[in-house]
>>> print(open('coords-v1.txt').read())   # compact mmCIF, C-alpha atoms
# COMPACT_ATOMS: atom_id res chain seq x y z
CA MET A 1 -6.16 -11.45 92.04
CA ALA A 2 -5.33 -11.09 88.34
CA GLU A 3 -5.12 -7.57 86.92
CA SER A 4 -5.09 -6.14 83.42
CA VAL A 5 -2.00 -4.65 81.79
CA THR A 6 -2.43 -1.50 79.72
CA ILE A 7 0.31 -0.18 77.44
CA GLN A 8 -0.20 3.15 75.72
CA ASN A 9 1.95 4.64 72.96
CA LEU A 10 5.14 3.01 74.28
CA GLN A 11 8.37 3.88 72.53
CA LYS A 12 11.98 2.85 73.00
CA ILE A 13 14.73 4.08 70.69
CA PHE A 14 18.25 2.69 70.98
CA PRO A 15 21.42 4.41 69.69
CA GLY A 16 21.55 4.64 65.92
CA ASN A 17 17.84 5.57 65.84
CA VAL A 18 16.83 1.91 66.24
CA ARG A 19 13.12 2.00 67.06
CA ALA A 20 12.86 -1.24 69.04
CA VAL A 21 9.37 -0.32 70.29
CA ASP A 22 7.57 2.21 68.14
CA GLY A 23 4.28 3.50 69.53
CA VAL A 24 2.89 0.23 70.89
CA SER A 25 -0.54 0.25 72.57
CA LEU A 26 -2.06 -2.94 74.00
CA GLU A 27 -4.83 -3.91 76.42
CA ILE A 28 -4.10 -7.26 78.08
CA ARG A 29 -7.06 -8.56 80.04
CA ALA A 30 -6.95 -9.77 83.62
CA GLY A 31 -6.21 -13.51 83.79
CA GLU A 32 -5.25 -13.70 80.13
CA LEU A 33 -2.36 -15.73 78.68
CA PHE A 34 -1.19 -13.19 76.12
CA PHE A 35 1.59 -13.80 73.59
CA LEU A 36 3.98 -11.33 71.98
CA LEU A 37 5.05 -12.94 68.74
CA GLY A 38 7.26 -11.89 65.86
CA PRO A 39 10.55 -12.44 64.05
CA SER A 40 13.93 -11.67 65.61
CA GLY A 41 14.40 -7.93 66.09
CA CYS A 42 10.66 -7.12 66.05
CA GLY A 43 10.73 -5.57 69.54
CA LYS A 44 8.90 -8.25 71.55
CA THR A 45 11.69 -8.84 74.09
CA THR A 46 12.33 -5.10 74.53
CA LEU A 47 8.60 -4.63 75.18
CA LEU A 48 8.58 -7.43 77.76
CA ARG A 49 11.68 -6.01 79.48
CA ALA A 50 10.02 -2.59 79.59
CA ILE A 51 7.04 -4.15 81.41
CA ALA A 52 9.45 -5.92 83.77
CA GLY A 53 11.37 -2.70 84.53
CA PHE A 54 14.66 -3.73 82.92
CA VAL A 55 14.30 -1.17 80.09
CA THR A 56 13.13 2.43 80.56
CA PRO A 57 10.89 3.61 77.70
CA ASP A 58 11.41 7.00 76.07
CA GLN A 59 7.70 7.75 76.08
CA GLY A 60 4.34 6.17 76.80
CA THR A 61 2.87 4.48 79.86
CA ILE A 62 2.51 0.99 81.37
CA CYS A 63 -0.20 0.25 83.94
CA ILE A 64 -0.97 -2.89 85.91
CA GLY A 65 -4.57 -2.52 86.98
CA GLU A 66 -5.01 1.13 87.96
CA ARG A 67 -1.37 1.59 88.99
CA GLU A 68 1.12 3.17 86.59
CA ILE A 69 4.48 1.38 86.77
CA THR A 70 6.29 2.94 83.79
CA ARG A 71 9.27 4.18 85.78
CA LEU A 72 9.03 2.15 88.96
CA PRO A 73 12.06 -0.02 89.87
CA ALA A 74 11.63 -3.65 88.79
CA HIS A 75 11.30 -4.94 92.36
CA LYS A 76 8.33 -2.65 93.05
CA ARG A 77 6.20 -3.70 90.08
CA ASP A 78 4.62 -6.90 91.43
CA THR A 79 5.75 -8.87 88.39
CA GLY A 80 7.36 -12.31 88.24
CA MET A 81 9.86 -13.15 85.50
CA VAL A 82 10.66 -16.53 83.94
CA PHE A 83 13.88 -16.35 81.93
CA GLN A 84 14.98 -18.35 78.90
CA SER A 85 17.99 -19.66 80.86
CA TYR A 86 15.95 -20.55 84.03
CA ALA A 87 18.41 -18.46 86.15
CA LEU A 88 18.38 -20.89 89.07
CA TRP A 89 21.16 -20.69 91.67
CA PRO A 90 23.11 -23.96 91.37
CA HIS A 91 24.41 -23.92 94.99
CA LEU A 92 20.89 -23.68 96.49
CA THR A 93 18.32 -26.45 96.81
CA ILE A 94 15.08 -26.21 94.89
CA ARG A 95 13.28 -25.16 98.06
CA GLN A 96 15.85 -22.41 98.68
CA ASN A 97 15.62 -21.20 95.07
CA VAL A 98 11.85 -20.87 95.28
CA ALA A 99 12.01 -19.22 98.72
CA PHE A 100 14.51 -16.54 97.70
CA GLY A 101 12.00 -13.88 96.64
CA LEU A 102 9.97 -14.34 99.81
CA GLU A 103 13.08 -14.04 101.97
CA MET A 104 13.85 -10.72 100.26
CA ARG A 105 10.37 -9.60 101.34
CA ARG A 106 11.25 -10.59 104.91
CA LEU A 107 8.34 -12.99 105.47
CA ASN A 108 8.61 -15.25 108.51
CA LYS A 109 9.84 -18.83 108.10
CA THR A 110 6.43 -20.41 108.59
CA GLU A 111 4.83 -18.26 105.88
CA ILE A 112 7.74 -18.95 103.53
CA ALA A 113 7.59 -22.72 104.05
CA LYS A 114 3.85 -22.79 103.43
CA ALA A 115 4.09 -20.65 100.28
CA VAL A 116 7.01 -22.66 98.87
CA ASP A 117 5.18 -25.95 99.41
CA ALA A 118 2.11 -24.57 97.64
CA ALA A 119 4.20 -23.30 94.70
CA LEU A 120 6.02 -26.62 94.29
CA GLU A 121 2.71 -28.48 94.45
CA ARG A 122 1.29 -26.24 91.72
CA VAL A 123 4.14 -27.20 89.37
CA GLN A 124 4.10 -30.83 90.59
CA MET A 125 7.69 -30.77 91.90
CA GLN A 126 7.21 -31.33 95.66
CA GLU A 127 9.36 -34.48 95.66
CA LYS A 128 12.37 -32.54 94.29
CA ALA A 129 12.35 -29.83 96.99
CA ASP A 130 15.68 -30.85 98.55
CA THR A 131 17.63 -31.53 95.36
CA LYS A 132 19.92 -29.13 93.46
CA PRO A 133 19.15 -27.69 90.00
CA ASN A 134 21.89 -29.73 88.28
CA GLU A 135 20.06 -32.90 89.33
CA LEU A 136 16.98 -31.92 87.30
CA SER A 137 16.10 -32.16 83.63
CA GLY A 138 15.52 -29.02 81.58
CA GLY A 139 11.75 -29.39 81.88
CA GLN A 140 11.97 -29.82 85.63
CA GLN A 141 14.20 -26.74 85.93
CA GLN A 142 11.64 -24.76 83.95
CA ARG A 143 8.92 -25.83 86.38
CA ILE A 144 11.05 -24.60 89.28
CA ALA A 145 11.62 -21.27 87.52
CA LEU A 146 7.83 -20.98 87.22
CA ALA A 147 7.34 -21.83 90.89
CA ARG A 148 9.89 -19.21 91.92
CA ALA A 149 8.11 -16.55 89.84
CA LEU A 150 4.64 -17.52 91.11
CA VAL A 151 5.47 -17.88 94.81
CA ILE A 152 5.61 -14.10 95.32
CA GLU A 153 2.02 -13.88 94.01
CA PRO A 154 2.77 -11.33 91.28
CA LYS A 155 0.07 -9.29 89.56
CA CYS A 156 1.58 -10.29 86.22
CA LEU A 157 3.82 -13.16 85.12
CA LEU A 158 6.34 -12.44 82.34
CA LEU A 159 7.84 -15.29 80.32
CA ASP A 160 10.78 -14.72 77.96
CA GLU A 161 10.96 -17.65 75.50
CA PRO A 162 10.80 -20.12 78.41
CA LEU A 163 10.85 -23.27 76.26
CA SER A 164 13.57 -22.39 73.76
CA ASN A 165 16.27 -24.39 75.58
CA LEU A 166 14.25 -27.60 75.65
CA ASP A 167 14.26 -30.37 73.05
CA ALA A 168 11.35 -30.60 70.62
CA LYS A 169 9.44 -33.37 72.44
CA LEU A 170 9.77 -31.68 75.84
CA ARG A 171 8.64 -28.34 74.38
CA LEU A 172 5.44 -30.01 73.22
CA ASP A 173 4.83 -31.50 76.66
CA MET A 174 5.56 -28.22 78.48
CA ARG A 175 3.24 -26.04 76.37
CA GLN A 176 0.05 -27.28 77.95
CA GLU A 177 1.73 -27.57 81.33
CA ILE A 178 2.58 -23.86 81.30
CA ARG A 179 -1.00 -23.03 80.36
CA ARG A 180 -2.32 -25.28 83.15
CA ILE A 181 -0.02 -23.65 85.71
CA CYS A 182 -0.91 -20.10 84.66
CA LYS A 183 -4.63 -20.80 84.65
CA SER A 184 -4.56 -22.64 87.99
CA ALA A 185 -2.74 -19.64 89.47
CA GLY A 186 -5.39 -17.30 88.02
CA ILE A 187 -2.70 -14.92 86.85
CA THR A 188 -2.23 -12.51 83.96
CA ALA A 189 0.70 -13.80 81.89
CA ILE A 190 2.62 -12.19 79.03
CA TYR A 191 4.67 -14.66 77.01
CA VAL A 192 7.34 -13.83 74.40
CA THR A 193 8.18 -16.33 71.68
CA HIS A 194 9.03 -16.61 68.00
CA ASP A 195 7.48 -20.09 67.83
CA GLN A 196 4.15 -19.84 66.03
CA LYS A 197 2.97 -23.34 67.01
CA GLU A 198 3.66 -22.58 70.66
CA ALA A 199 1.53 -19.45 70.49
CA LEU A 200 -1.28 -21.01 68.46
CA SER A 201 -1.57 -23.96 70.83
CA ILE A 202 -1.86 -22.21 74.20
CA ALA A 203 -2.49 -18.46 73.84
CA ASP A 204 -5.78 -16.79 74.72
CA ARG A 205 -4.82 -13.91 72.45
CA MET A 206 -1.65 -12.71 70.78
CA ALA A 207 -0.07 -9.63 69.26
CA ILE A 208 2.04 -9.97 66.12
CA LEU A 209 4.89 -7.45 66.01
CA ALA A 210 7.22 -6.28 63.24
CA HIS A 211 9.70 -3.39 63.26
CA GLY A 212 8.60 -2.40 66.76
CA ARG A 213 4.93 -2.03 65.84
CA VAL A 214 1.82 -4.13 66.45
CA GLN A 215 0.57 -5.64 63.19
CA GLN A 216 -2.49 -7.50 64.51
CA VAL A 217 -4.08 -8.58 67.79
CA GLY A 218 -6.51 -11.47 68.13
CA THR A 219 -7.15 -15.03 69.18
CA PRO A 220 -5.04 -17.77 67.56
CA ARG A 221 -7.95 -18.75 65.29
CA GLU A 222 -8.68 -15.15 64.28
CA ILE A 223 -5.08 -14.48 63.33
CA TYR A 224 -4.57 -17.76 61.51
CA ARG A 225 -7.88 -17.75 59.64
CA HIS A 226 -8.25 -13.99 59.17
CA PRO A 227 -4.83 -12.31 58.95
CA THR A 228 -5.01 -8.62 58.05
CA SER A 229 -1.82 -8.45 55.98
CA PRO A 230 0.49 -10.64 53.89
CA PHE A 231 3.13 -10.27 56.61
CA VAL A 232 0.88 -11.76 59.29
CA ALA A 233 -0.39 -14.49 56.94
CA GLY A 234 3.19 -15.46 56.09
CA PHE A 235 4.47 -15.32 59.64
CA ILE A 236 1.68 -17.35 61.25
CA GLY A 237 1.99 -20.66 59.47
CA GLU A 238 2.86 -21.21 55.83
CA SER A 239 1.01 -19.64 52.95
CA ASN A 240 1.00 -19.50 49.16
CA PHE A 241 0.64 -15.95 47.82
CA ILE A 242 -0.55 -14.74 44.46
CA GLY A 243 -1.65 -11.30 43.28
CA GLY A 244 -4.88 -10.55 41.49
CA ILE A 245 -7.51 -8.04 40.43
CA VAL A 246 -11.16 -8.23 41.50
CA LYS A 247 -13.22 -8.76 38.34
CA ASN A 248 -16.66 -9.46 39.78
CA ARG A 249 -18.44 -9.30 43.13
CA GLN A 250 -21.79 -10.75 44.14
CA LYS A 251 -22.53 -10.31 47.85
CA ASN A 252 -19.59 -11.99 49.62
CA HIS A 253 -18.36 -13.87 46.55
CA LEU A 254 -15.43 -12.54 44.48
CA ARG A 255 -14.03 -13.59 41.13
CA ILE A 256 -10.39 -12.61 40.96
CA GLU A 257 -8.15 -12.61 37.89
CA THR A 258 -4.68 -13.99 38.70
CA PRO A 259 -1.64 -15.06 36.62
CA ILE A 260 -2.90 -18.67 36.81
CA GLY A 261 -6.53 -17.95 35.93
CA ILE A 262 -9.75 -16.86 37.63
CA LEU A 263 -10.02 -17.82 41.31
CA GLU A 264 -13.22 -17.57 43.36
CA ALA A 265 -13.07 -16.42 46.98
CA ALA A 266 -15.62 -15.94 49.76
CA THR A 267 -14.99 -12.87 51.93
CA ASP A 268 -16.89 -10.36 54.06
CA GLN A 269 -14.34 -7.65 53.32
CA SER A 270 -15.49 -4.64 51.28
CA TYR A 271 -13.47 -5.12 48.09
CA THR A 272 -14.83 -3.72 44.84
CA VAL A 273 -14.31 -4.45 41.15
CA GLY A 274 -10.87 -3.25 40.02
CA ASP A 275 -9.17 -3.59 43.42
CA ASN A 276 -5.67 -5.05 43.46
CA VAL A 277 -5.47 -7.81 46.07
CA THR A 278 -3.11 -10.47 47.36
CA LEU A 279 -4.49 -13.96 47.90
CA SER A 280 -3.17 -16.11 50.75
CA ILE A 281 -3.82 -19.84 50.48
CA ARG A 282 -2.68 -22.21 53.24
CA PRO A 283 -0.95 -25.42 52.06
CA GLU A 284 -3.49 -27.55 53.94
CA ALA A 285 -6.29 -25.82 51.97
CA VAL A 286 -4.88 -27.08 48.65
CA HIS A 287 -6.44 -30.47 47.88
CA LYS A 288 -5.90 -33.06 45.20
CA ALA A 289 -9.04 -32.94 43.05
CA ASP A 290 -11.15 -35.98 42.21
CA ALA A 291 -10.93 -36.86 38.53
CA GLU A 292 -14.72 -36.60 38.22
CA ALA A 293 -14.99 -33.22 39.99
CA SER A 294 -14.51 -31.18 36.83
CA ALA A 295 -17.00 -28.52 38.00
CA ALA A 296 -15.28 -27.93 41.34
CA PRO A 297 -14.38 -24.26 41.97
CA ASN A 298 -10.73 -23.23 41.71
CA ARG A 299 -9.74 -26.44 39.91
CA LEU A 300 -6.27 -26.04 38.45
CA PRO A 301 -3.81 -28.30 36.61
CA ALA A 302 -0.62 -28.91 38.60
CA THR A 303 2.62 -30.89 38.43
CA CYS A 304 4.31 -32.36 41.51
CA ARG A 305 7.94 -31.17 41.66
CA GLN A 306 9.04 -32.30 45.14
CA VAL A 307 7.81 -34.56 47.94
CA VAL A 308 8.84 -34.46 51.62
CA TYR A 309 7.47 -37.28 53.78
CA LEU A 310 7.03 -36.36 57.48
CA GLY A 311 5.15 -39.37 58.82
CA GLU A 312 1.85 -37.82 59.83
CA SER A 313 1.90 -35.65 56.71
CA ALA A 314 3.46 -35.20 53.30
CA GLN A 315 4.50 -31.85 51.87
CA TYR A 316 4.42 -31.30 48.14
CA LEU A 317 5.86 -28.55 45.99
CA MET A 318 3.44 -28.08 43.12
CA GLU A 319 4.02 -26.17 39.89
CA ILE A 320 0.85 -24.37 38.85
CA GLY A 321 0.96 -22.18 35.75
CA GLY A 322 4.63 -21.34 36.21
CA THR A 323 4.23 -20.59 39.94
CA TYR A 324 5.20 -22.86 42.83
CA TRP A 325 2.80 -23.72 45.66
CA LYS A 326 3.05 -25.86 48.76
CA ARG A 327 0.41 -28.50 49.43
CA HIS A 328 0.04 -30.56 52.63
CA ASP A 329 -1.60 -33.96 52.80
CA TRP A 330 -2.38 -35.36 56.27
CA ASN A 331 -2.07 -39.10 56.97
CA PRO A 332 -0.76 -39.75 53.44
CA ASP A 333 -1.37 -43.15 51.90
CA ASP A 334 -1.03 -43.06 48.13
CA MET A 335 1.53 -40.27 47.81
CA ASP A 336 2.05 -38.13 44.72
CA ARG A 337 5.17 -38.78 42.70
CA VAL A 338 7.63 -36.23 41.36
CA GLY A 339 6.68 -35.29 37.81
CA GLU A 340 3.10 -36.53 38.21
CA GLU A 341 0.40 -34.33 36.68
CA GLU A 342 -2.89 -33.85 38.51
CA PHE A 343 -5.56 -31.29 39.36
CA ILE A 344 -5.78 -29.38 42.62
CA THR A 345 -8.71 -27.49 44.09
CA ILE A 346 -9.22 -24.83 46.80
CA ALA A 347 -12.56 -24.07 48.46
CA PRO A 348 -13.50 -20.38 48.04
CA ARG A 349 -13.85 -20.01 51.84
CA ASP A 350 -10.19 -21.04 52.22
CA ILE A 351 -8.83 -18.25 50.03
CA ILE A 352 -7.86 -15.30 52.21
CA VAL A 353 -8.20 -11.99 50.36
CA LEU A 354 -5.79 -9.29 51.52
CA GLN A 355 -5.14 -5.70 50.55
CA ASP A 356 -2.29 -5.57 48.03
CA PRO A 357 0.76 -4.25 49.99
CA ALA A 358 1.96 -2.49 46.84
>>> encode(input="coords-v1.txt", output="structure tokens")
Amino acid sequence: MAESVTIQNLQKIFPGNVRAVDGVSLEIRAGELFFLLGPSGCGKTTLLRAIAGFVTPDQGTICIGEREITRLPAHKRDTGMVFQSYALWPHLTIRQNVAFGLEMRRLNKTEIAKAVDAALERVQMQEKADTKPNELSGGQQQRIALARALVIEPKCLLLDEPLSNLDAKLRLDMRQEIRRICKSAGITAIYVTHDQKEALSIADRMAILAHGRVQQVGTPREIYRHPTSPFVAGFIGESNFIGGIVKNRQKNHLRIETPIGILEAATDQSYTVGDNVTLSIRPEAVHKADAEASAAPNRLPATCRQVVYLGESAQYLMEIGGTYWKRHDWNPDDMDRVGEEEFITIAPRDIIVLQDPA
């Protein structure tokens, strides 16, 4: 049965006063696929290793369900770990690799065989039970690593960048497979990655970390559409940023003076006239304006300075009033040309208004 994971005021300081985890508190719900996401050095792996029992925190608590595990040995925590490197024993068959944890628990052979078969069936690898790891592809090895972690029926599954060693196409295929496996097992899973697309595509919720601290927690859509800071907006996907001052507010509609002119934004946040703000505008929210749409809001003259064709999309670097913005066009047909002058437009609902970090 899945259990929640509660982390309260966790701190880990390494020599040199490096605050790898700095007062982190999180509530991870039972059965949730929860991501820890952030740039290198943000503390996500240290936090995961503290949950696993490989790192002892300096203060704070970790609970799985009602049981505090903060200082329990790793093997007594009822957690399963999936490593970046798979960590399969090359001299053992797949069946023997998956059975190892159960043998350490001294289950009888009949129970072990039944549990191993069920675990291999869950990851759809029954036919490879008697092969060795070096006979498998990277994706197949990752499935076996999952089966080995799940076979012991842990209260919580921990995944440390499990797809980082796979090629791009296989990573895409394995994302949904990992979600399917975790959900079919009905398990609480905590997943560390620096890959934003990976997190956005399969997480139930995620925590964005920087400098050992939690910056924001929410669903993928909440964090992408409603980031609470320029850091989060810039880390989750791409964004164009520009500063401004609120000049007028009517209900949830703002008029904001910026270096490129007045921009209109729709927001529920409680900004008032005179506030300094930072605007975040996603490249896919910047559209080429129709020549006739002269009354469209946020219509600005722009010059195309660079084009990158990616097949399903084209990425443009646009010069707008001396600033440079990215614009994405999906399924491009008649592509912009370098040096071409045009107008762009942004819907007010697609302008994210953030507190000025300065």
>>> closest_residue(input="coords-v1.txt", among="A:Ile144, A:Leu317, A:Ile51, A:Ile242", to="Leu26 (chain A)", atoms="all atoms listed in the file")
A:Ile51
>>> closest_atom_pairs(input="coords-v1.txt", of="region 75-143 of chain A", to="region 152-171 of chain A", cutoff="8 Å", atoms="all atoms listed in the file", output="Markdown table")
| residue | atom | partner | partner_atom | distance |
| --- | --- | --- | --- | --- |
| A:Asp78 | CA | A:Pro154 | CA | 4.8 |
| A:Thr79 | CA | A:Pro154 | CA | 4.8 |
| A:Gly80 | CA | A:Leu157 | CA | 4.8 |
| A:Met81 | CA | A:Leu158 | CA | 4.8 |
| A:Val82 | CA | A:Leu159 | CA | 4.8 |
| A:Phe83 | CA | A:Asp160 | CA | 5.3 |
| A:Gln84 | CA | A:Pro162 | CA | 4.6 |
| A:Ser85 | CA | A:Asn165 | CA | 7.3 |
| A:Tyr86 | CA | A:Pro162 | CA | 7.6 |
| A:Gly101 | CA | A:Ile152 | CA | 6.5 |
| A:Leu102 | CA | A:Ile152 | CA | 6.3 |
| A:Gly138 | CA | A:Leu166 | CA | 6.2 |
| A:Gly139 | CA | A:Leu170 | CA | 6.8 |
| A:Gln142 | CA | A:Pro162 | CA | 7.3 |
>>> write_last_selection(input="coords-v1.txt", atoms="C-alpha atoms", output="compact mmCIF listing (two decimals), in the frame of the given file")
# COMPACT_ATOMS: atom_id res chain seq x y z
CA ASP A 78 4.62 -6.90 91.43
CA THR A 79 5.75 -8.87 88.39
CA GLY A 80 7.36 -12.31 88.24
CA MET A 81 9.86 -13.15 85.50
CA VAL A 82 10.66 -16.53 83.94
CA PHE A 83 13.88 -16.35 81.93
CA GLN A 84 14.98 -18.35 78.90
CA SER A 85 17.99 -19.66 80.86
CA TYR A 86 15.95 -20.55 84.03
CA GLY A 101 12.00 -13.88 96.64
CA LEU A 102 9.97 -14.34 99.81
CA GLY A 138 15.52 -29.02 81.58
CA GLY A 139 11.75 -29.39 81.88
CA GLN A 142 11.64 -24.76 83.95
>>> residues_around(input="coords-v1.txt", residues="region 177-193 of chain A", least_positions_apart="5", cutoff="9 Å", atoms="all atoms listed in the file", output="number ranges by chain")
A: 1-5, 28-39, 44-45, 48, 122-123, 143, 146, 150, 153-164, 198-199, 202-203
>>> residues_around(input="coords-v1.txt", residues="Val277 (chain A)", least_positions_apart="4", cutoff="10 Å", atoms="only C-alpha atoms", output="mmCIF file with C-alpha atoms, in the frame of the given file")
data_model
loop_
_atom_site.group_PDB
_atom_site.id
_atom_site.type_symbol
_atom_site.label_atom_id
_atom_site.label_comp_id
_atom_site.auth_asym_id
_atom_site.auth_seq_id
_atom_site.Cartn_x
_atom_site.Cartn_y
_atom_site.Cartn_z
ATOM 1 C CA ILE A 242 -0.550 -14.740 44.460
ATOM 2 C CA GLY A 243 -1.650 -11.300 43.280
ATOM 3 C CA GLY A 244 -4.880 -10.550 41.490
ATOM 4 C CA ILE A 245 -7.510 -8.040 40.430
ATOM 5 C CA VAL A 246 -11.160 -8.230 41.500
ATOM 6 C CA ILE A 256 -10.390 -12.610 40.960
ATOM 7 C CA GLU A 257 -8.150 -12.610 37.890
ATOM 8 C CA THR A 258 -4.680 -13.990 38.700
ATOM 9 C CA TYR A 271 -13.470 -5.120 48.090
ATOM 10 C CA ILE A 352 -7.860 -15.300 52.210
ATOM 11 C CA VAL A 353 -8.200 -11.990 50.360
ATOM 12 C CA LEU A 354 -5.790 -9.290 51.520
ATOM 13 C CA GLN A 355 -5.140 -5.700 50.550
ATOM 14 C CA ASP A 356 -2.290 -5.570 48.030
ATOM 15 C CA PRO A 357 0.760 -4.250 49.990
ATOM 16 C CA ALA A 358 1.960 -2.490 46.840
#
>>> closest_residue(input="coords-v1.txt", among="A:Arg327, A:Lys128, A:Lys109, A:Arg213", to="Thr93 (chain A)", atoms="all atoms listed in the file")
A:Lys128
>>> residues_around(input="coords-v1.txt", residues="region 111-118 of chain A", least_positions_apart="5", cutoff="10 Å", atoms="all atoms listed in the file", output="number ranges by chain")
A: 94-103, 105-106, 123-126, 129, 147-148, 150-153
>>> closest_residue(input="coords-v1.txt", among="A:Ile62, A:Ala119, A:Leu92, A:Ala347", to="Thr131 (chain A)", atoms="all atoms listed in the file")
A:Leu92
>>> closest_residue(input="coords-v1.txt", among="A:Lys326, A:Arg67, A:Lys12, A:His75", to="Val55 (chain A)", atoms="all atoms listed in the file")
A:Lys12
>>> atom_distance(input="coords-v1.txt", atom1="CA of Gln8 (chain A)", atom2="CA of Thr61 (chain A)")
5.3 Å
